[in-house]
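Enquirer: As input, take protein-v3.txt (compact mmCIF, N, CA and C atoms):
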# COMPACT_ATOMS: atom_id res chain seq x y z
N MET D 629 -6.19 -19.02 31.58
CA MET D 629 -6.53 -18.34 30.33
C MET D 629 -5.61 -17.14 30.13
N GLY D 630 -5.17 -16.92 28.90
CA GLY D 630 -4.29 -15.81 28.59
C GLY D 630 -5.06 -14.54 28.33
N PHE D 631 -4.34 -13.50 27.97
CA PHE D 631 -4.96 -12.21 27.73
C PHE D 631 -5.40 -12.08 26.28
N SER D 632 -6.45 -11.30 26.07
CA SER D 632 -6.95 -11.10 24.71
C SER D 632 -7.02 -9.61 24.39
N ILE D 633 -7.27 -9.34 23.13
CA ILE D 633 -7.40 -7.97 22.64
C ILE D 633 -8.51 -7.97 21.60
N VAL D 634 -9.23 -6.86 21.49
CA VAL D 634 -10.30 -6.73 20.50
C VAL D 634 -9.91 -5.61 19.54
N VAL D 635 -10.03 -5.87 18.25
CA VAL D 635 -9.66 -4.92 17.20
C VAL D 635 -10.88 -4.61 16.35
N LEU D 636 -11.20 -3.32 16.21
CA LEU D 636 -12.23 -2.87 15.26
C LEU D 636 -11.51 -2.04 14.22
N GLU D 637 -11.35 -2.61 13.04
CA GLU D 637 -10.62 -1.96 11.94
C GLU D 637 -11.44 -2.12 10.68
N SER D 638 -11.77 -1.01 10.00
CA SER D 638 -12.66 -1.07 8.84
C SER D 638 -12.01 -1.72 7.62
N ASP D 639 -10.71 -1.60 7.46
CA ASP D 639 -10.02 -2.17 6.31
C ASP D 639 -9.60 -3.61 6.64
N PRO D 640 -10.20 -4.61 5.96
CA PRO D 640 -9.90 -6.00 6.28
C PRO D 640 -8.40 -6.35 6.15
N ARG D 641 -7.71 -5.73 5.20
CA ARG D 641 -6.29 -5.98 5.02
C ARG D 641 -5.50 -5.50 6.24
N VAL D 642 -5.82 -4.31 6.71
CA VAL D 642 -5.17 -3.76 7.88
C VAL D 642 -5.52 -4.58 9.12
N ALA D 643 -6.78 -5.01 9.22
CA ALA D 643 -7.21 -5.83 10.36
C ALA D 643 -6.41 -7.12 10.42
N GLN D 644 -6.23 -7.79 9.29
CA GLN D 644 -5.47 -9.04 9.26
C GLN D 644 -4.00 -8.80 9.60
N SER D 645 -3.44 -7.72 9.09
CA SER D 645 -2.05 -7.39 9.39
C SER D 645 -1.87 -7.15 10.89
N LEU D 646 -2.80 -6.39 11.47
CA LEU D 646 -2.75 -6.13 12.91
C LEU D 646 -2.89 -7.41 13.71
N ALA D 647 -3.84 -8.25 13.32
CA ALA D 647 -4.05 -9.51 14.03
C ALA D 647 -2.76 -10.34 14.02
N GLY D 648 -2.09 -10.37 12.88
CA GLY D 648 -0.84 -11.11 12.77
C GLY D 648 0.25 -10.55 13.67
N LYS D 649 0.33 -9.22 13.75
CA LYS D 649 1.34 -8.57 14.59
C LYS D 649 1.05 -8.76 16.08
N LEU D 650 -0.24 -8.72 16.43
CA LEU D 650 -0.63 -8.77 17.84
C LEU D 650 -0.71 -10.20 18.39
N SER D 651 -1.00 -11.17 17.53
CA SER D 651 -1.27 -12.53 18.02
C SER D 651 -0.13 -13.17 18.80
N PRO D 652 1.16 -12.91 18.49
CA PRO D 652 2.20 -13.52 19.32
C PRO D 652 2.24 -12.97 20.76
N HIS D 653 1.59 -11.84 20.99
CA HIS D 653 1.67 -11.17 22.29
C HIS D 653 0.43 -11.36 23.15
N PHE D 654 -0.63 -11.90 22.55
CA PHE D 654 -1.89 -12.08 23.26
C PHE D 654 -2.43 -13.48 23.01
N HIS D 655 -3.17 -14.00 23.98
CA HIS D 655 -3.75 -15.32 23.86
C HIS D 655 -4.73 -15.37 22.68
N ALA D 656 -5.51 -14.29 22.51
CA ALA D 656 -6.49 -14.25 21.43
C ALA D 656 -6.62 -12.82 20.91
N VAL D 657 -6.78 -12.70 19.59
CA VAL D 657 -7.07 -11.41 18.96
C VAL D 657 -8.44 -11.55 18.32
N HIS D 658 -9.41 -10.80 18.83
CA HIS D 658 -10.78 -10.85 18.31
C HIS D 658 -10.99 -9.68 17.37
N LEU D 659 -11.42 -9.96 16.15
CA LEU D 659 -11.72 -8.89 15.19
C LEU D 659 -13.22 -8.61 15.25
N ALA D 660 -13.57 -7.36 15.48
CA ALA D 660 -14.96 -6.93 15.50
C ALA D 660 -15.25 -6.21 14.18
N HIS D 661 -16.51 -6.25 13.75
CA HIS D 661 -16.88 -5.64 12.48
C HIS D 661 -17.81 -4.44 12.64
N SER D 662 -18.16 -4.13 13.90
CA SER D 662 -19.02 -2.97 14.17
C SER D 662 -18.79 -2.53 15.60
N GLY D 663 -19.24 -1.33 15.89
CA GLY D 663 -19.12 -0.83 17.25
C GLY D 663 -19.89 -1.68 18.25
N ASP D 664 -21.09 -2.14 17.84
CA ASP D 664 -21.88 -3.00 18.72
C ASP D 664 -21.17 -4.32 18.99
N GLU D 665 -20.60 -4.90 17.95
CA GLU D 665 -19.87 -6.16 18.12
C GLU D 665 -18.65 -5.95 19.03
N LEU D 666 -17.97 -4.83 18.85
CA LEU D 666 -16.82 -4.51 19.70
C LEU D 666 -17.23 -4.47 21.17
N ARG D 667 -18.30 -3.73 21.46
CA ARG D 667 -18.77 -3.61 22.86
C ARG D 667 -19.17 -4.97 23.42
N GLU D 668 -19.82 -5.77 22.62
CA GLU D 668 -20.24 -7.11 23.07
C GLU D 668 -19.01 -7.98 23.37
N ARG D 669 -18.01 -7.93 22.49
CA ARG D 669 -16.79 -8.72 22.71
C ARG D 669 -16.04 -8.23 23.95
N VAL D 670 -16.02 -6.91 24.17
CA VAL D 670 -15.36 -6.37 25.36
C VAL D 670 -16.10 -6.85 26.61
N ARG D 671 -17.42 -6.81 26.56
CA ARG D 671 -18.21 -7.26 27.71
C ARG D 671 -17.97 -8.74 28.01
N LYS D 672 -17.93 -9.56 26.96
CA LYS D 672 -17.80 -11.01 27.14
C LYS D 672 -16.38 -11.46 27.46
N SER D 673 -15.39 -10.92 26.74
CA SER D 673 -14.03 -11.48 26.86
C SER D 673 -13.11 -10.67 27.78
N ARG D 674 -13.55 -9.48 28.24
CA ARG D 674 -12.73 -8.66 29.12
C ARG D 674 -11.28 -8.59 28.63
N PRO D 675 -11.07 -8.01 27.46
CA PRO D 675 -9.72 -7.98 26.87
C PRO D 675 -8.76 -7.07 27.63
N GLU D 676 -7.50 -7.24 27.34
CA GLU D 676 -6.45 -6.40 27.92
C GLU D 676 -6.44 -5.01 27.30
N ALA D 677 -6.90 -4.92 26.04
CA ALA D 677 -6.90 -3.63 25.34
C ALA D 677 -7.84 -3.71 24.14
N VAL D 678 -8.14 -2.53 23.60
CA VAL D 678 -8.96 -2.40 22.39
C VAL D 678 -8.19 -1.54 21.40
N VAL D 679 -8.24 -1.93 20.12
CA VAL D 679 -7.73 -1.10 19.04
C VAL D 679 -8.96 -0.66 18.26
N LEU D 680 -9.17 0.65 18.16
CA LEU D 680 -10.39 1.21 17.60
C LEU D 680 -10.09 2.12 16.42
N ASP D 681 -10.59 1.75 15.26
CA ASP D 681 -10.43 2.53 14.02
C ASP D 681 -11.30 3.78 14.08
N MET D 682 -10.68 4.94 14.04
CA MET D 682 -11.42 6.20 14.12
C MET D 682 -12.02 6.63 12.79
N GLU D 683 -11.72 5.91 11.71
CA GLU D 683 -12.32 6.24 10.42
C GLU D 683 -13.84 6.04 10.47
N ASN D 684 -14.26 4.99 11.17
CA ASN D 684 -15.68 4.65 11.22
C ASN D 684 -16.23 4.69 12.64
N SER D 685 -15.52 5.32 13.53
CA SER D 685 -15.97 5.46 14.91
C SER D 685 -16.01 6.94 15.25
N ARG D 686 -16.69 7.24 16.33
CA ARG D 686 -16.77 8.63 16.78
C ARG D 686 -16.07 8.76 18.13
N LEU D 687 -15.76 9.99 18.48
CA LEU D 687 -15.16 10.24 19.79
C LEU D 687 -16.10 9.79 20.90
N SER D 688 -17.41 9.85 20.64
CA SER D 688 -18.37 9.40 21.66
C SER D 688 -18.23 7.89 21.89
N ASP D 689 -17.78 7.14 20.88
CA ASP D 689 -17.52 5.70 21.07
C ASP D 689 -16.38 5.50 22.06
N VAL D 690 -15.34 6.31 21.92
CA VAL D 690 -14.20 6.24 22.84
C VAL D 690 -14.67 6.62 24.24
N GLN D 691 -15.44 7.70 24.34
CA GLN D 691 -15.94 8.15 25.65
C GLN D 691 -16.81 7.07 26.30
N GLY D 692 -17.65 6.42 25.51
CA GLY D 692 -18.53 5.37 26.04
C GLY D 692 -17.73 4.18 26.55
N LEU D 693 -16.73 3.76 25.79
CA LEU D 693 -15.88 2.65 26.25
C LEU D 693 -15.14 3.04 27.52
N ARG D 694 -14.60 4.26 27.55
CA ARG D 694 -13.86 4.72 28.73
C ARG D 694 -14.79 4.75 29.94
N HIS D 695 -16.03 5.20 29.75
CA HIS D 695 -16.99 5.28 30.86
C HIS D 695 -17.35 3.88 31.37
N ASP D 696 -17.63 2.96 30.44
CA ASP D 696 -18.09 1.62 30.82
C ASP D 696 -16.95 0.72 31.29
N PHE D 697 -15.75 0.95 30.78
CA PHE D 697 -14.59 0.11 31.11
C PHE D 697 -13.41 1.03 31.43
N PRO D 698 -13.42 1.67 32.60
CA PRO D 698 -12.45 2.73 32.90
C PRO D 698 -10.99 2.32 32.86
N ALA D 699 -10.68 1.05 33.13
CA ALA D 699 -9.28 0.63 33.15
C ALA D 699 -8.80 0.07 31.80
N LEU D 700 -9.68 0.01 30.81
CA LEU D 700 -9.36 -0.60 29.52
C LEU D 700 -8.54 0.34 28.64
N PRO D 701 -7.32 -0.05 28.26
CA PRO D 701 -6.56 0.77 27.31
C PRO D 701 -7.24 0.77 25.94
N ILE D 702 -7.38 1.94 25.35
CA ILE D 702 -7.99 2.10 24.03
C ILE D 702 -6.97 2.78 23.13
N VAL D 703 -6.47 2.06 22.14
CA VAL D 703 -5.54 2.63 21.17
C VAL D 703 -6.34 2.88 19.89
N CYS D 704 -6.44 4.13 19.51
CA CYS D 704 -7.19 4.50 18.31
C CYS D 704 -6.27 4.51 17.10
N THR D 705 -6.85 4.21 15.95
CA THR D 705 -6.09 4.26 14.70
C THR D 705 -6.83 5.14 13.70
N HIS D 706 -6.07 5.67 12.76
CA HIS D 706 -6.64 6.48 11.68
C HIS D 706 -5.67 6.42 10.51
N ARG D 707 -6.21 6.48 9.31
CA ARG D 707 -5.35 6.46 8.12
C ARG D 707 -4.34 7.59 8.14
N VAL D 708 -4.81 8.79 8.48
CA VAL D 708 -3.94 9.97 8.52
C VAL D 708 -4.24 10.76 9.80
N PRO D 709 -3.74 10.28 10.94
CA PRO D 709 -4.05 11.00 12.18
C PRO D 709 -3.32 12.34 12.21
N ASP D 710 -4.04 13.36 12.65
CA ASP D 710 -3.39 14.66 12.81
C ASP D 710 -3.41 15.03 14.29
N GLU D 711 -2.77 16.12 14.61
CA GLU D 711 -2.65 16.52 16.01
C GLU D 711 -4.01 16.79 16.64
N GLU D 712 -4.92 17.37 15.86
CA GLU D 712 -6.26 17.68 16.37
C GLU D 712 -7.00 16.41 16.77
N LEU D 713 -6.95 15.38 15.91
CA LEU D 713 -7.60 14.11 16.21
C LEU D 713 -6.93 13.46 17.43
N TRP D 714 -5.61 13.50 17.47
CA TRP D 714 -4.87 12.89 18.57
C TRP D 714 -5.29 13.51 19.91
N ILE D 715 -5.31 14.84 19.97
CA ILE D 715 -5.70 15.54 21.20
C ILE D 715 -7.15 15.22 21.57
N ALA D 716 -8.05 15.26 20.59
CA ALA D 716 -9.46 14.99 20.87
C ALA D 716 -9.66 13.55 21.35
N ALA D 717 -8.95 12.59 20.75
CA ALA D 717 -9.08 11.19 21.15
C ALA D 717 -8.55 10.99 22.57
N LEU D 718 -7.41 11.61 22.89
CA LEU D 718 -6.87 11.50 24.25
C LEU D 718 -7.82 12.12 25.26
N GLU D 719 -8.41 13.25 24.91
CA GLU D 719 -9.37 13.89 25.82
C GLU D 719 -10.61 13.03 26.00
N ALA D 720 -10.96 12.25 24.98
CA ALA D 720 -12.13 11.36 25.06
C ALA D 720 -11.84 10.09 25.86
N GLY D 721 -10.55 9.83 26.13
CA GLY D 721 -10.21 8.67 26.93
C GLY D 721 -9.30 7.66 26.27
N ALA D 722 -8.84 7.94 25.05
CA ALA D 722 -7.93 7.02 24.37
C ALA D 722 -6.56 7.04 25.05
N SER D 723 -5.86 5.93 24.95
CA SER D 723 -4.49 5.83 25.46
C SER D 723 -3.50 6.42 24.48
N ASP D 724 -3.81 6.28 23.18
CA ASP D 724 -2.90 6.75 22.12
C ASP D 724 -3.65 6.74 20.81
N VAL D 725 -3.07 7.38 19.80
CA VAL D 725 -3.59 7.34 18.43
C VAL D 725 -2.41 7.01 17.52
N CYS D 726 -2.60 6.02 16.65
CA CYS D 726 -1.54 5.58 15.74
C CYS D 726 -2.06 5.56 14.31
N GLN D 727 -1.13 5.60 13.38
CA GLN D 727 -1.49 5.46 11.97
C GLN D 727 -1.96 4.02 11.74
N ALA D 728 -3.09 3.86 11.06
CA ALA D 728 -3.75 2.56 10.93
C ALA D 728 -2.87 1.49 10.29
N ASP D 729 -2.01 1.87 9.35
CA ASP D 729 -1.23 0.84 8.66
C ASP D 729 0.16 0.63 9.28
N ASP D 730 0.42 1.22 10.44
CA ASP D 730 1.70 1.04 11.12
C ASP D 730 1.53 0.04 12.26
N ALA D 731 1.48 -1.24 11.89
CA ALA D 731 1.20 -2.31 12.86
C ALA D 731 2.23 -2.33 13.99
N GLN D 732 3.48 -2.05 13.68
CA GLN D 732 4.52 -2.06 14.72
C GLN D 732 4.27 -0.97 15.75
N ASP D 733 3.92 0.21 15.30
CA ASP D 733 3.64 1.32 16.22
C ASP D 733 2.41 1.00 17.07
N ILE D 734 1.39 0.41 16.46
CA ILE D 734 0.17 0.03 17.18
C ILE D 734 0.52 -1.01 18.25
N LEU D 735 1.30 -2.02 17.87
CA LEU D 735 1.72 -3.05 18.82
C LEU D 735 2.47 -2.42 20.00
N THR D 736 3.43 -1.55 19.70
CA THR D 736 4.20 -0.88 20.76
C THR D 736 3.28 -0.10 21.68
N SER D 737 2.34 0.63 21.10
CA SER D 737 1.42 1.43 21.90
C SER D 737 0.51 0.56 22.76
N VAL D 738 -0.01 -0.54 22.17
CA VAL D 738 -0.87 -1.45 22.93
C VAL D 738 -0.10 -2.05 24.11
N LEU D 739 1.11 -2.56 23.85
CA LEU D 739 1.90 -3.17 24.91
C LEU D 739 2.23 -2.16 26.01
N ARG D 740 2.57 -0.93 25.62
CA ARG D 740 2.86 0.11 26.60
C ARG D 740 1.60 0.45 27.41
N SER D 741 0.47 0.58 26.74
CA SER D 741 -0.79 0.91 27.41
C SER D 741 -1.21 -0.20 28.37
N VAL D 742 -1.03 -1.44 27.97
CA VAL D 742 -1.37 -2.58 28.84
C VAL D 742 -0.46 -2.58 30.07
N ALA D 743 0.83 -2.32 29.86
CA ALA D 743 1.77 -2.28 30.99
C ALA D 743 1.39 -1.19 31.99
N VAL D 744 1.01 -0.03 31.48
CA VAL D 744 0.59 1.07 32.35
C VAL D 744 -0.67 0.68 33.11
N ALA D 745 -1.65 0.08 32.42
CA ALA D 745 -2.90 -0.33 33.08
C ALA D 745 -2.64 -1.38 34.15
N ARG D 746 -1.76 -2.32 33.85
CA ARG D 746 -1.44 -3.36 34.84
C ARG D 746 -0.78 -2.77 36.08
N SER D 747 0.16 -1.85 35.88
CA SER D 747 0.85 -1.26 37.04
C SER D 747 -0.11 -0.38 37.84
N ALA D 748 -1.07 0.25 37.18
CA ALA D 748 -2.05 1.08 37.90
C ALA D 748 -2.98 0.20 38.73
N ALA D 749 -3.26 -1.01 38.22
CA ALA D 749 -4.16 -1.92 38.93
C ALA D 749 -3.46 -2.63 40.09
N ALA D 750 -2.15 -2.67 40.04
CA ALA D 750 -1.38 -3.42 41.08
C ALA D 750 -1.33 -2.69 42.40
Represent the supplied structure as structure tokens.

Expert:
Amino acid sequence: MGFSIVVLESDPRVAQSLAGKLSPHFHAVHLAHSGDELRERVRKSRPEAVVLDMENSRLSDVQGLRHDFPALPIVCTHRVPDEELWIAALEAGASDVCQADDAQDILTSVLRSVAVARSAAA
């Protein structure tokens, strides 16, 4: 079985764009529609990474994922991320924060975060 990724993105257009960008690099891209669905998919599919939309999520969601899945890379997205959000998300346990509509930057960040997690586990 190949590696998978779970994406929680509130904008369906952005979610589809991300899925298209990520799918050549992962065995499966699972789109979640709520925080509960995201956690359930993470529990069941043990993905390589999570992409989490900060527009409809809280820093406590990042902290909870980090606590429950300590080795899981979490790349957060936001329509207009600022330095304050970036610092707060990293402190909460995120691997990175990217602009939600920059699929290439998100892909680069996810791949980098997965590589770091793999080397840490080795």

Enquirer: Quick one: residues within 7 Å of region 719-731 of chain D, all atoms listed in the file counted, chain neighbours fewer than 4 positions away excluded, as a PDB file with N, CA and C atoms, in the coordinates of the input?

Expert:
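Final output, part-v6.pdb:
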ATOM      1  N   VAL D 642      -5.820  -4.310   6.710  1.00  0.00           N
ATOM      2  CA  VAL D 642      -5.170  -3.760   7.880  1.00  0.00           C
ATOM      3  C   VAL D 642      -5.520  -4.580   9.120  1.00  0.00           C
ATOM      4  N   SER D 645      -3.440  -7.720   9.090  1.00  0.00           N
ATOM      5  CA  SER D 645      -2.050  -7.390   9.390  1.00  0.00           C
ATOM      6  C   SER D 645      -1.870  -7.150  10.890  1.00  0.00           C
ATOM      7  N   LEU D 646      -2.800  -6.390  11.470  1.00  0.00           N
ATOM      8  CA  LEU D 646      -2.750  -6.130  12.910  1.00  0.00           C
ATOM      9  C   LEU D 646      -2.890  -7.410  13.710  1.00  0.00           C
ATOM     10  N   LYS D 649       0.330  -9.220  13.750  1.00  0.00           N
ATOM     11  CA  LYS D 649       1.340  -8.570  14.590  1.00  0.00           C
ATOM     12  C   LYS D 649       1.050  -8.760  16.080  1.00  0.00           C
ATOM     13  N   LEU D 687     -15.760   9.990  18.480  1.00  0.00           N
ATOM     14  CA  LEU D 687     -15.160  10.240  19.790  1.00  0.00           C
ATOM     15  C   LEU D 687     -16.100   9.790  20.900  1.00  0.00           C
ATOM     16  N   VAL D 690     -15.340   6.310  21.920  1.00  0.00           N
ATOM     17  CA  VAL D 690     -14.200   6.240  22.840  1.00  0.00           C
ATOM     18  C   VAL D 690     -14.670   6.620  24.240  1.00  0.00           C
ATOM     19  N   GLN D 691     -15.440   7.700  24.340  1.00  0.00           N
ATOM     20  CA  GLN D 691     -15.940   8.150  25.650  1.00  0.00           C
ATOM     21  C   GLN D 691     -16.810   7.070  26.300  1.00  0.00           C
ATOM     22  N   GLY D 692     -17.650   6.420  25.510  1.00  0.00           N
ATOM     23  CA  GLY D 692     -18.530   5.370  26.040  1.00  0.00           C
ATOM     24  C   GLY D 692     -17.730   4.180  26.550  1.00  0.00           C
ATOM     25  N   ARG D 694     -14.600   4.260  27.550  1.00  0.00           N
ATOM     26  CA  ARG D 694     -13.860   4.720  28.730  1.00  0.00           C
ATOM     27  C   ARG D 694     -14.790   4.750  29.940  1.00  0.00           C
ATOM     28  N   PRO D 701      -7.320  -0.050  28.260  1.00  0.00           N
ATOM     29  CA  PRO D 701      -6.560   0.770  27.310  1.00  0.00           C
ATOM     30  C   PRO D 701      -7.240   0.770  25.940  1.00  0.00           C
ATOM     31  N   ILE D 702      -7.380   1.940  25.350  1.00  0.00           N
ATOM     32  CA  ILE D 702      -7.990   2.100  24.030  1.00  0.00           C
ATOM     33  C   ILE D 702      -6.970   2.780  23.130  1.00  0.00           C
ATOM     34  N   VAL D 703      -6.470   2.060  22.140  1.00  0.00           N
ATOM     35  CA  VAL D 703      -5.540   2.630  21.170  1.00  0.00           C
ATOM     36  C   VAL D 703      -6.340   2.880  19.890  1.00  0.00           C
ATOM     37  N   CYS D 704      -6.440   4.130  19.510  1.00  0.00           N
ATOM     38  CA  CYS D 704      -7.190   4.500  18.310  1.00  0.00           C
ATOM     39  C   CYS D 704      -6.270   4.510  17.100  1.00  0.00           C
ATOM     40  N   THR D 705      -6.850   4.210  15.950  1.00  0.00           N
ATOM     41  CA  THR D 705      -6.090   4.260  14.700  1.00  0.00           C
ATOM     42  C   THR D 705      -6.830   5.140  13.700  1.00  0.00           C
ATOM     43  N   HIS D 706      -6.070   5.670  12.760  1.00  0.00           N
ATOM     44  CA  HIS D 706      -6.640   6.480  11.680  1.00  0.00           C
ATOM     45  C   HIS D 706      -5.670   6.420  10.510  1.00  0.00           C
ATOM     46  N   ARG D 707      -6.210   6.480   9.310  1.00  0.00           N
ATOM     47  CA  ARG D 707      -5.350   6.460   8.120  1.00  0.00           C
ATOM     48  C   ARG D 707      -4.340   7.590   8.140  1.00  0.00           C
ATOM     49  N   VAL D 708      -4.810   8.790   8.480  1.00  0.00           N
ATOM     50  CA  VAL D 708      -3.940   9.970   8.520  1.00  0.00           C
ATOM     51  C   VAL D 708      -4.240  10.760   9.800  1.00  0.00           C
ATOM     52  N   PRO D 709      -3.740  10.280  10.940  1.00  0.00           N
ATOM     53  CA  PRO D 709      -4.050  11.000  12.180  1.00  0.00           C
ATOM     54  C   PRO D 709      -3.320  12.340  12.210  1.00  0.00           C
ATOM     55  N   TRP D 714      -5.610  13.500  17.470  1.00  0.00           N
ATOM     56  CA  TRP D 714      -4.870  12.890  18.570  1.00  0.00           C
ATOM     57  C   TRP D 714      -5.290  13.510  19.910  1.00  0.00           C
ATOM     58  N   ILE D 715      -5.310  14.840  19.970  1.00  0.00           N
ATOM     59  CA  ILE D 715      -5.700  15.540  21.200  1.00  0.00           C
ATOM     60  C   ILE D 715      -7.150  15.220  21.570  1.00  0.00           C
ATOM     61  N   LEU D 735       1.300  -2.020  17.870  1.00  0.00           N
ATOM     62  CA  LEU D 735       1.720  -3.050  18.820  1.00  0.00           C
ATOM     63  C   LEU D 735       2.470  -2.420  20.000  1.00  0.00           C
ATOM     64  N   THR D 736       3.430  -1.550  19.700  1.00  0.00           N
ATOM     65  CA  THR D 736       4.200  -0.880  20.760  1.00  0.00           C
ATOM     66  C   THR D 736       3.280  -0.100  21.680  1.00  0.00           C
ATOM     67  N   SER D 737       2.340   0.630  21.100  1.00  0.00           N
ATOM     68  CA  SER D 737       1.420   1.430  21.900  1.00  0.00           C
ATOM     69  C   SER D 737       0.510   0.560  22.760  1.00  0.00           C
ATOM     70  N   SER D 741       0.470   0.580  26.740  1.00  0.00           N
ATOM     71  CA  SER D 741      -0.790   0.910  27.410  1.00  0.00           C
ATOM     72  C   SER D 741      -1.210  -0.200  28.370  1.00  0.00           C
TER      73      SER D 741
END

Enquirer: Separation of CA of Glu665 (chain D) and CA of Glu637 (chain D), in Å?

Expert: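 About the pair CA of Glu665 (chain D) and CA of Glu637 (chain D): they are 11.9 Å apart.
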
Enquirer: Provide the CA of Leu650 (chain D) to atom C of Leu680 (chain D) distance in Å, to one decimal place.

Expert: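 Going from CA of Leu650 (chain D) over to atom C of Leu680 (chain D) covers 14.5 Å.
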
Enquirer: At a cut-off of 6 Å around the point (-17.7, 2.9, 19.7) (file coordinates), what residues fall inside when counting only C-alpha atoms? I'd like the answer as a ChimeraX atom specification.

Expert: /D:663,685,689-690

Enquirer: Neighbours of Val678 (chain D) within 10 Å (only C-alpha atoms; same-chain residues fewer than 5 positions away dropped), as a PyMOL selection string?

Expert: chain D and resi 632-636+657-658+666-667+670+693+700-704+722-723+738+742

Enquirer: Which parts of region 666-716 of chain D does DSSP call helix (DSSP H, G or I) when run on the backbone here, written out as a list in words?

Expert: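 Filtering region 666-716 of chain D to helix (DSSP H, G or I) leaves Leu666, Arg667, Glu668, Arg669, Val670, Arg671, Lys672, Ser673, Leu687, Ser688, Asp689, Val690, Gln691, Gly692, Leu693, Arg694, His695, Asp696, Glu711, Glu712, Leu713, Trp714, Ile715 and Ala716 of chain D.
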
Enquirer: I need the chosen residues saved as a compact mmCIF listing (two decimals), in the frame of the given file, with N, CA and C atoms.

Expert:
# COMPACT_ATOMS: atom_id res chain seq x y z
N LEU D 666 -17.97 -4.83 18.85
CA LEU D 666 -16.82 -4.51 19.70
C LEU D 666 -17.23 -4.47 21.17
N ARG D 667 -18.30 -3.73 21.46
CA ARG D 667 -18.77 -3.61 22.86
C ARG D 667 -19.17 -4.97 23.42
N GLU D 668 -19.82 -5.77 22.62
CA GLU D 668 -20.24 -7.11 23.07
C GLU D 668 -19.01 -7.98 23.37
N ARG D 669 -18.01 -7.93 22.49
CA ARG D 669 -16.79 -8.72 22.71
C ARG D 669 -16.04 -8.23 23.95
N VAL D 670 -16.02 -6.91 24.17
CA VAL D 670 -15.36 -6.37 25.36
C VAL D 670 -16.10 -6.85 26.61
N ARG D 671 -17.42 -6.81 26.56
CA ARG D 671 -18.21 -7.26 27.71
C ARG D 671 -17.97 -8.74 28.01
N LYS D 672 -17.93 -9.56 26.96
CA LYS D 672 -17.80 -11.01 27.14
C LYS D 672 -16.38 -11.46 27.46
N SER D 673 -15.39 -10.92 26.74
CA SER D 673 -14.03 -11.48 26.86
C SER D 673 -13.11 -10.67 27.78
N LEU D 687 -15.76 9.99 18.48
CA LEU D 687 -15.16 10.24 19.79
C LEU D 687 -16.10 9.79 20.90
N SER D 688 -17.41 9.85 20.64
CA SER D 688 -18.37 9.40 21.66
C SER D 688 -18.23 7.89 21.89
N ASP D 689 -17.78 7.14 20.88
CA ASP D 689 -17.52 5.70 21.07
C ASP D 689 -16.38 5.50 22.06
N VAL D 690 -15.34 6.31 21.92
CA VAL D 690 -14.20 6.24 22.84
C VAL D 690 -14.67 6.62 24.24
N GLN D 691 -15.44 7.70 24.34
CA GLN D 691 -15.94 8.15 25.65
C GLN D 691 -16.81 7.07 26.30
N GLY D 692 -17.65 6.42 25.51
CA GLY D 692 -18.53 5.37 26.04
C GLY D 692 -17.73 4.18 26.55
N LEU D 693 -16.73 3.76 25.79
CA LEU D 693 -15.88 2.65 26.25
C LEU D 693 -15.14 3.04 27.52
N ARG D 694 -14.60 4.26 27.55
CA ARG D 694 -13.86 4.72 28.73
C ARG D 694 -14.79 4.75 29.94
N HIS D 695 -16.03 5.20 29.75
CA HIS D 695 -16.99 5.28 30.86
C HIS D 695 -17.35 3.88 31.37
N ASP D 696 -17.63 2.96 30.44
CA ASP D 696 -18.09 1.62 30.82
C ASP D 696 -16.95 0.72 31.29
N GLU D 711 -2.77 16.12 14.61
CA GLU D 711 -2.65 16.52 16.01
C GLU D 711 -4.01 16.79 16.64
N GLU D 712 -4.92 17.37 15.86
CA GLU D 712 -6.26 17.68 16.37
C GLU D 712 -7.00 16.41 16.77
N LEU D 713 -6.95 15.38 15.91
CA LEU D 713 -7.60 14.11 16.21
C LEU D 713 -6.93 13.46 17.43
N TRP D 714 -5.61 13.50 17.47
CA TRP D 714 -4.87 12.89 18.57
C TRP D 714 -5.29 13.51 19.91
N ILE D 715 -5.31 14.84 19.97
CA ILE D 715 -5.70 15.54 21.20
C ILE D 715 -7.15 15.22 21.57
N ALA D 716 -8.05 15.26 20.59
CA ALA D 716 -9.46 14.99 20.87
C ALA D 716 -9.66 13.55 21.35

Enquirer: If you run DSSP on this backbone, which residues of chain D come out as strand (DSSP E or B), and could you give them as a list in words?

Expert: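 Those in chain D that DSSP calls strand (DSSP E or B) are Ser632, Ile633, Val634, Val635, Leu636, Ala656, Val657, His658, Leu659, Ala660, Ala677, Val678, Val679, Leu680, Asp681, Ile702, Val703, Cys704, Thr705, His706, Asp724, Val725, Cys726 and Gln727 of chain D.
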
Enquirer: Have a look at CA of Ile734 (chain D) and atom N of Asp664 (chain D) and let me know their distance in Å, one decimal.

Expert: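 A separation of 21.4 Å between them.
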
Enquirer: With distances taken over only C-alpha atoms, which of D:Ala716, D:Ala749, D:Met682, D:Ala656 is nearest to Pro698 (chain D)?

Expert: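 So, comparing all the options, the nearest one is D:Ala749.
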
Enquirer: Using only C-alpha atoms, pick whichever of D:Pro675, D:Ser747, D:Pro640, D:Glu711 has the shortest atom-to-atom distance to His655 (chain D).

Expert: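 Ranking D:Pro675, D:Ser747, D:Pro640, D:Glu711 by distance to His655 (chain D), first place goes to D:Pro675.
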